[in-house]
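Q: The structure's right below; bear with me while I get my questions together.
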Amino acid sequence: MKEQSNNTTTILMVGNPNVGKSALFNRLTGANAVVSNYPGTTVDYTAGTLIEDHRTYEIIDVPGTYSLKPRDAAEMVAVRMLDEHRDATVLVVLDATKIERGLYLALEVFERGIPCIVALNMTDAAHDKQIAVDAAGLQRILGVPVIATTAISGEGVKHLADMIRKAQAADISAIRSRLNGQEQNRRSMAGCGGCSGCGGCR
Amino acid sequence: MGLTADERWDIIDAITQRTVGTGTYRRTLGDALGDLTIQPLTGIPVALGVLYAFWSIFGSFAGSLVTDGFMVKLFDSSWLPWLQAAWPNPDSILYYLFVGDPAADNCFEAFGALTSGLFVAIGVVLPAVLIFYLMMTVLEDSGYLPRLAVLMDTVLHKIGLHGYAIVPAILGLGCNVPAVTATRILETRKQRFIMMSLLAIFIPCGAQLGVMLEVIPETVGLVMLYLIIGFGIFGFVLDRLIPGSNPEILIDVPPYRWPAWENVTRKLWSRTKGFLKEAVPFVLLGVLIVNVLYLTGVIAALADLFAPLFVTWFGVPKETVGPLVAGFLRKDLAVAQLSTIAMTPYQMITSVVLVSIYFPCVATFVVMLREGWRELLAAIAVLIAVVFIYGGLIHAIGILMGVA
């Protein structure tokens, strides 16, 4: 489970239980992970492949967890996967209707200094519940790409696949200063391949 | 690094203030249903209704409609006579292994790999698992399972588990293999061990249920009753014997959602495919192995060896040793085989319960081993004790009722 060949990047899908990680995983890889509407459907990891723009990604669907302090054996698998794949990129999946607890886990992941990208999933359910989440604003504050998706219908998934290569390590102190209103002069993102609306070059 | 939890929540508050807007929320029908199905007063009758509907659809579709209405006719009046006529030399070993009894007039009694084996796998079990998985998928995808878990919480706490243990239990009614892995959602090792043991011992799988419905339709209810009572009694005992805690957890109850057609068909297909690929070869192989054991006299020797235990203690004929051997490979096969042995209805109930509880099938065995060999060994010890005690108890109840 060490590093793959040079041009394969490992992507770990991390998020709270029942936010649609497996549904998103199936959309990205065309695999057949079991998807249900109850927390704890995925208790083991599943791996699949995504080839996007001549790059190969090995995507790993990880059991849902509320934090990186594991509470049960399934959450332990999630933390173990993060520990084993130190060079991986993390795709943090948030439920747009329950964003706070998802962000808690996201911050824990950010603190590890791993390159991250955020999928703001279940936007359809959020819309039904009259919850509006500003994905662009979130991206500006977090400093990592944030893509709105609806895994069950496939909306936004193509865009997400396209943006994986722009994953960035988030910087907690920069997030804090942005929240304090100090719009610091951001270094242009390393390896930035074009405008994703992150505001990094303006 | 390392923020404290409070620092994280401060950051999150600041982030959501800037990025999340909420409109006025109107309660939907789904929310109302959500509340009704989780409050004990309305929820328990609904739960009973759901489980009853589940069981009766299962029985009428798999048992009556497909198997009796179609498969039995196909196999008994077309396939079996054809094979008996077409396969050369009824006295040969190959005939015995693949076709079985040349005088048999139905596919249960013939007991060849291509007669009973195929009939059990395709004719009886396939329709059963198909309808079972369809209904289970609806339960899973609608969001009903976590609500059932909340309702069951008080009861399950009495046997050392919490409500969420209902999820592996229901998955186990389909197949014990994914259910064993699903016990990972339980928090402590004690809970996992209790659930895994009870699962392997008392939860019959969909394949076995399908065969039970077919061969003992009038007593399957009693068998289930014995299994549920056993689940309760031994859960209660294990809870008191095993050290460890049984903490409360918060259950994240998702909103009701309509099952997405695409997801339902996808799951149904991959589970059915899994059954065809893994279970069918096992059933056929099982018949072959059992037949070889009969031919070589191994089963007769085992039957004589265990006769005192079986006849005096459990009160069942010694011939039931054969099906118990088959049961290690496939429980469905074992029940089918039991149905061909002459015994009283109560002996039949006892022996079907014994087949269910005595040993997990080999596939379940393997996944349990993967979850930890110490637990597996302990579970086997529990299992042997349970089979011995409960088997004797059922016999005693039969004697008291005057039916054994």
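Residue numbering restarts at 1 in every chain; chains get A, B, ... in the order shown in the structure tokens, and ligands count up from 1 in that same order.
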Find the residues around Asp95 (chain A) up to 6 Å (only C-alpha atoms counted), leave out those fewer than 5 positions away in its own chain, and share them as a PyMOL selection string.
A: chain A and resi 19+121-122
Q: I need the chain B residues near chain A as a list of chain:residue names; criterion: at most 6 Å, counting only C-alpha atoms.
A: B:Thr19, B:Val20, B:Gly21, B:Thr22, B:Gly23, B:Glu140, B:Asp141, B:Gly143, B:Arg184, B:Ile185, B:Glu187
Q: Take the residues from that selection and write them out as a PDB file, in the first residue's frame, keeping N, CA, C and O atoms.
A:
ATOM      1  N   THR B  19     -21.039  31.808   4.994  1.00  0.00           N
ATOM      2  CA  THR B  19     -21.329  31.059   3.767  1.00  0.00           C
ATOM      3  C   THR B  19     -22.688  30.367   3.754  1.00  0.00           C
ATOM      4  O   THR B  19     -23.123  29.906   2.702  1.00  0.00           O
ATOM      5  N   VAL B  20     -23.334  30.242   4.901  1.00  0.00           N
ATOM      6  CA  VAL B  20     -24.576  29.481   4.909  1.00  0.00           C
ATOM      7  C   VAL B  20     -25.762  30.380   5.205  1.00  0.00           C
ATOM      8  O   VAL B  20     -25.754  31.141   6.180  1.00  0.00           O
ATOM      9  N   GLY B  21     -26.745  30.316   4.345  1.00  0.00           N
ATOM     10  CA  GLY B  21     -27.970  31.065   4.576  1.00  0.00           C
ATOM     11  C   GLY B  21     -29.132  30.099   4.667  1.00  0.00           C
ATOM     12  O   GLY B  21     -29.189  29.104   3.944  1.00  0.00           O
ATOM     13  N   THR B  22     -30.043  30.325   5.598  1.00  0.00           N
ATOM     14  CA  THR B  22     -31.183  29.420   5.682  1.00  0.00           C
ATOM     15  C   THR B  22     -32.468  30.204   5.479  1.00  0.00           C
ATOM     16  O   THR B  22     -32.638  31.294   6.011  1.00  0.00           O
ATOM     17  N   GLY B  23     -33.337  29.626   4.695  1.00  0.00           N
ATOM     18  CA  GLY B  23     -34.652  30.227   4.498  1.00  0.00           C
ATOM     19  C   GLY B  23     -35.607  29.667   5.525  1.00  0.00           C
ATOM     20  O   GLY B  23     -35.209  28.927   6.424  1.00  0.00           O
ATOM     21  N   GLU B 140     -33.352  -0.159   3.274  1.00  0.00           N
ATOM     22  CA  GLU B 140     -32.072   0.533   3.422  1.00  0.00           C
ATOM     23  C   GLU B 140     -32.120   1.937   2.837  1.00  0.00           C
ATOM     24  O   GLU B 140     -31.624   2.887   3.425  1.00  0.00           O
ATOM     25  N   ASP B 141     -32.698   2.035   1.644  1.00  0.00           N
ATOM     26  CA  ASP B 141     -32.596   3.292   0.916  1.00  0.00           C
ATOM     27  C   ASP B 141     -33.618   4.322   1.361  1.00  0.00           C
ATOM     28  O   ASP B 141     -33.420   5.517   1.180  1.00  0.00           O
ATOM     29  N   GLY B 143     -34.407   4.903   4.442  1.00  0.00           N
ATOM     30  CA  GLY B 143     -33.986   5.519   5.694  1.00  0.00           C
ATOM     31  C   GLY B 143     -34.758   4.954   6.871  1.00  0.00           C
ATOM     32  O   GLY B 143     -34.752   5.523   7.956  1.00  0.00           O
ATOM     33  N   ARG B 184     -19.058  -3.851  12.686  1.00  0.00           N
ATOM     34  CA  ARG B 184     -18.061  -2.814  12.976  1.00  0.00           C
ATOM     35  C   ARG B 184     -18.696  -1.487  13.384  1.00  0.00           C
ATOM     36  O   ARG B 184     -18.019  -0.634  13.947  1.00  0.00           O
ATOM     37  N   ILE B 185     -19.968  -1.301  13.081  1.00  0.00           N
ATOM     38  CA  ILE B 185     -20.587  -0.047  13.505  1.00  0.00           C
ATOM     39  C   ILE B 185     -20.907  -0.058  14.998  1.00  0.00           C
ATOM     40  O   ILE B 185     -21.299   0.955  15.549  1.00  0.00           O
ATOM     41  N   GLU B 187     -19.842  -0.206  18.963  1.00  0.00           N
ATOM     42  CA  GLU B 187     -18.741   0.545  19.520  1.00  0.00           C
ATOM     43  C   GLU B 187     -17.711  -0.276  20.285  1.00  0.00           C
ATOM     44  O   GLU B 187     -16.518  -0.137  20.065  1.00  0.00           O
TER      45      GLU B 187
END
Q: So how many Å separate CA of Gly315 (chain B) and CA of Ala379 (chain B), to one decimal?
A: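 Straight-line distance from CA of Gly315 (chain B) to CA of Ala379 (chain B) works out to 25.2 Å.
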Q: Please compute the CA of Leu120 (chain A)-CA of Leu139 (chain B) distance, one decimal, in Å.
A: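 That distance, rounded to one decimal, is 26.2 Å.
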Q: Go through B:Met368, B:Ala385, B:Ile394, B:Ile357 and flag the residue nearest Trp313 (chain B), using only C-alpha atoms for the distances.
A: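 Among the listed residues, the smallest separation from Trp313 (chain B) belongs to B:Ile394.
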Q: Between CA of Ile147 (chain A) and CA of Lys98 (chain A), what is the distance in Å, rounded to a tenth?
A: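 Result for CA of Ile147 (chain A) versus CA of Lys98 (chain A): 16.0 Å, one decimal.
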Q: Tell me, which residues of region 220-362 of chain B carry DSSP alpha helix (DSSP H), written as a PyMOL selection string?
A: chain B and resi 220-241+261-274+280-295+298-307+321-329+331-338+345-358+362
Q: Any idea what's packed within 12 Å of Val223 (chain B), counting only C-alpha atoms, ignoring anything in its chain fewer than 6 positions away? Could you give it as a list in words?
A: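 Result of the neighbour search: Phe202, Ile203, Pro204, Gln208, Leu209, Met212, Leu213, Ile216, Pro217, Ile229, Gly230, Val335, Pro345, Tyr346, Gln347, Met348, Ile349, Thr350, Ser351, Val352, Val353, Leu354, Val355, Ser356, Ile357 and Ile394 of chain B.
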Q: Rank B:Thr340, B:Thr296, B:Gln191, B:Thr37 by their smallest atom-to-atom distance to Ala149 (chain B), using only C-alpha atoms, and report the top residue only.
A: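 Closest to Ala149 (chain B) of all the choices is B:Thr37.
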Q: Find the spatial neighbours of Gly322 (chain B), counting only C-alpha atoms, within a cut-off of 12 Å - ignore same-chain residues fewer than 4 positions away - and output them as number ranges by chain.
A: B: 286-287, 289-295, 297-304, 306-307, 310, 317-318, 326-329, 333-341, 351, 355
Q: Give me the residues near Ile380 (chain B) as a PDB file with N, CA and C atoms, in the first residue's frame, where near means some atom within 12 Å (using only C-alpha atoms) and where sequence neighbours in that chain fewer than 3 positions away do not count.
A:
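Done, and the output landed in result29.pdb:
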ATOM      1  N   PHE B 193     -18.727  -8.662  19.894  1.00  0.00           N
ATOM      2  CA  PHE B 193     -18.656 -10.095  20.107  1.00  0.00           C
ATOM      3  C   PHE B 193     -20.047 -10.687  20.307  1.00  0.00           C
ATOM      4  N   MET B 196     -21.874 -10.667  16.970  1.00  0.00           N
ATOM      5  CA  MET B 196     -21.334 -11.628  16.011  1.00  0.00           C
ATOM      6  C   MET B 196     -21.737 -13.052  16.384  1.00  0.00           C
ATOM      7  N   SER B 197     -21.670 -13.370  17.675  1.00  0.00           N
ATOM      8  CA  SER B 197     -22.046 -14.718  18.096  1.00  0.00           C
ATOM      9  C   SER B 197     -23.529 -14.964  17.850  1.00  0.00           C
ATOM     10  N   LEU B 198     -24.363 -14.013  18.269  1.00  0.00           N
ATOM     11  CA  LEU B 198     -25.804 -14.205  18.110  1.00  0.00           C
ATOM     12  C   LEU B 198     -26.174 -14.310  16.635  1.00  0.00           C
ATOM     13  N   ALA B 200     -24.237 -15.381  14.121  1.00  0.00           N
ATOM     14  CA  ALA B 200     -23.829 -16.656  13.543  1.00  0.00           C
ATOM     15  C   ALA B 200     -24.720 -17.789  14.043  1.00  0.00           C
ATOM     16  N   ILE B 201     -25.222 -17.655  15.272  1.00  0.00           N
ATOM     17  CA  ILE B 201     -25.990 -18.767  15.830  1.00  0.00           C
ATOM     18  C   ILE B 201     -27.475 -18.677  15.471  1.00  0.00           C
ATOM     19  N   ILE B 357     -28.668 -23.268  14.251  1.00  0.00           N
ATOM     20  CA  ILE B 357     -27.793 -22.736  15.290  1.00  0.00           C
ATOM     21  C   ILE B 357     -26.445 -23.434  15.373  1.00  0.00           C
ATOM     22  N   TYR B 358     -26.319 -24.625  14.748  1.00  0.00           N
ATOM     23  CA  TYR B 358     -25.167 -25.395  15.191  1.00  0.00           C
ATOM     24  C   TYR B 358     -23.821 -24.867  14.699  1.00  0.00           C
ATOM     25  N   PHE B 359     -23.750 -24.329  13.498  1.00  0.00           N
ATOM     26  CA  PHE B 359     -22.453 -23.859  13.033  1.00  0.00           C
ATOM     27  C   PHE B 359     -22.684 -22.845  11.934  1.00  0.00           C
ATOM     28  N   PRO B 360     -21.904 -21.788  11.886  1.00  0.00           N
ATOM     29  CA  PRO B 360     -22.075 -20.897  10.743  1.00  0.00           C
ATOM     30  C   PRO B 360     -21.574 -21.600   9.486  1.00  0.00           C
ATOM     31  N   PHE B 365     -17.845 -18.299   8.510  1.00  0.00           N
ATOM     32  CA  PHE B 365     -16.678 -18.695   9.264  1.00  0.00           C
ATOM     33  C   PHE B 365     -15.452 -17.898   8.827  1.00  0.00           C
ATOM     34  N   MET B 368     -15.630 -14.238   9.824  1.00  0.00           N
ATOM     35  CA  MET B 368     -15.462 -14.075  11.268  1.00  0.00           C
ATOM     36  C   MET B 368     -13.995 -14.190  11.637  1.00  0.00           C
ATOM     37  N   LEU B 369     -13.314 -15.083  10.951  1.00  0.00           N
ATOM     38  CA  LEU B 369     -11.883 -15.241  11.184  1.00  0.00           C
ATOM     39  C   LEU B 369     -11.152 -13.943  10.857  1.00  0.00           C
ATOM     40  N   TRP B 373      -9.270 -13.894  15.256  1.00  0.00           N
ATOM     41  CA  TRP B 373      -9.370 -15.330  15.545  1.00  0.00           C
ATOM     42  C   TRP B 373      -9.744 -15.603  16.991  1.00  0.00           C
ATOM     43  N   ARG B 374      -9.359 -14.700  17.903  1.00  0.00           N
ATOM     44  CA  ARG B 374      -9.719 -14.916  19.296  1.00  0.00           C
ATOM     45  C   ARG B 374     -11.236 -14.886  19.458  1.00  0.00           C
ATOM     46  N   GLU B 375     -11.848 -13.894  18.821  1.00  0.00           N
ATOM     47  CA  GLU B 375     -13.303 -13.789  18.878  1.00  0.00           C
ATOM     48  C   GLU B 375     -13.948 -15.014  18.255  1.00  0.00           C
ATOM     49  N   LEU B 376     -13.346 -15.473  17.161  1.00  0.00           N
ATOM     50  CA  LEU B 376     -13.921 -16.633  16.488  1.00  0.00           C
ATOM     51  C   LEU B 376     -13.904 -17.853  17.401  1.00  0.00           C
ATOM     52  N   LEU B 377     -12.748 -18.080  18.057  1.00  0.00           N
ATOM     53  CA  LEU B 377     -12.654 -19.237  18.950  1.00  0.00           C
ATOM     54  C   LEU B 377     -13.656 -19.116  20.092  1.00  0.00           C
ATOM     55  N   LEU B 383     -21.029 -21.195  20.859  1.00  0.00           N
ATOM     56  CA  LEU B 383     -21.897 -21.931  19.970  1.00  0.00           C
ATOM     57  C   LEU B 383     -22.109 -23.367  20.419  1.00  0.00           C
ATOM     58  N   ILE B 384     -21.007 -24.023  20.812  1.00  0.00           N
ATOM     59  CA  ILE B 384     -21.136 -25.417  21.233  1.00  0.00           C
ATOM     60  C   ILE B 384     -22.015 -25.511  22.478  1.00  0.00           C
ATOM     61  N   ALA B 385     -21.781 -24.572  23.408  1.00  0.00           N
ATOM     62  CA  ALA B 385     -22.598 -24.570  24.623  1.00  0.00           C
ATOM     63  C   ALA B 385     -24.065 -24.338  24.272  1.00  0.00           C
ATOM     64  N   VAL B 386     -24.301 -23.368  23.376  1.00  0.00           N
ATOM     65  CA  VAL B 386     -25.684 -23.034  23.020  1.00  0.00           C
ATOM     66  C   VAL B 386     -26.387 -24.215  22.359  1.00  0.00           C
ATOM     67  N   VAL B 387     -25.712 -24.861  21.411  1.00  0.00           N
ATOM     68  CA  VAL B 387     -26.336 -25.983  20.711  1.00  0.00           C
ATOM     69  C   VAL B 387     -26.730 -27.064  21.709  1.00  0.00           C
TER      70      VAL B 387
END
Q: From the set B:Arg330, B:Thr137, B:Trp82, B:Leu161, which residue has the shortest atom-to-atom contact distance to Ala260 (chain B), counting only C-alpha atoms?
A: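 The answer is B:Thr137, which sits nearest to Ala260 (chain B).
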Q: Would you list the contacts of Ile44 (chain B) as a list in words, taking every protein, DNA or RNA residue within 12 Å and counting only C-alpha atoms, but skipping same-chain residues closer than 2 positions in sequence?
A: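 Final neighbour list, sorted by chain and number: Leu36, Thr37, Ile38, Gln39, Pro40, Leu41, Thr42, Val46, Ala47, Leu48, Gly49, Val50, Leu51, Arg147, Leu148, Ala149, Val150, Leu151, Met152, Asp153 and Val155 of chain B.
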Q: For Val157 (chain A), which residue out of A:Gly30, A:Pro115, A:Gly181, A:Gly143 is the nearest one, using only C-alpha atoms?
A: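 Comparing A:Gly30, A:Pro115, A:Gly181, A:Gly143 against Val157 (chain A), the winner is A:Gly30.
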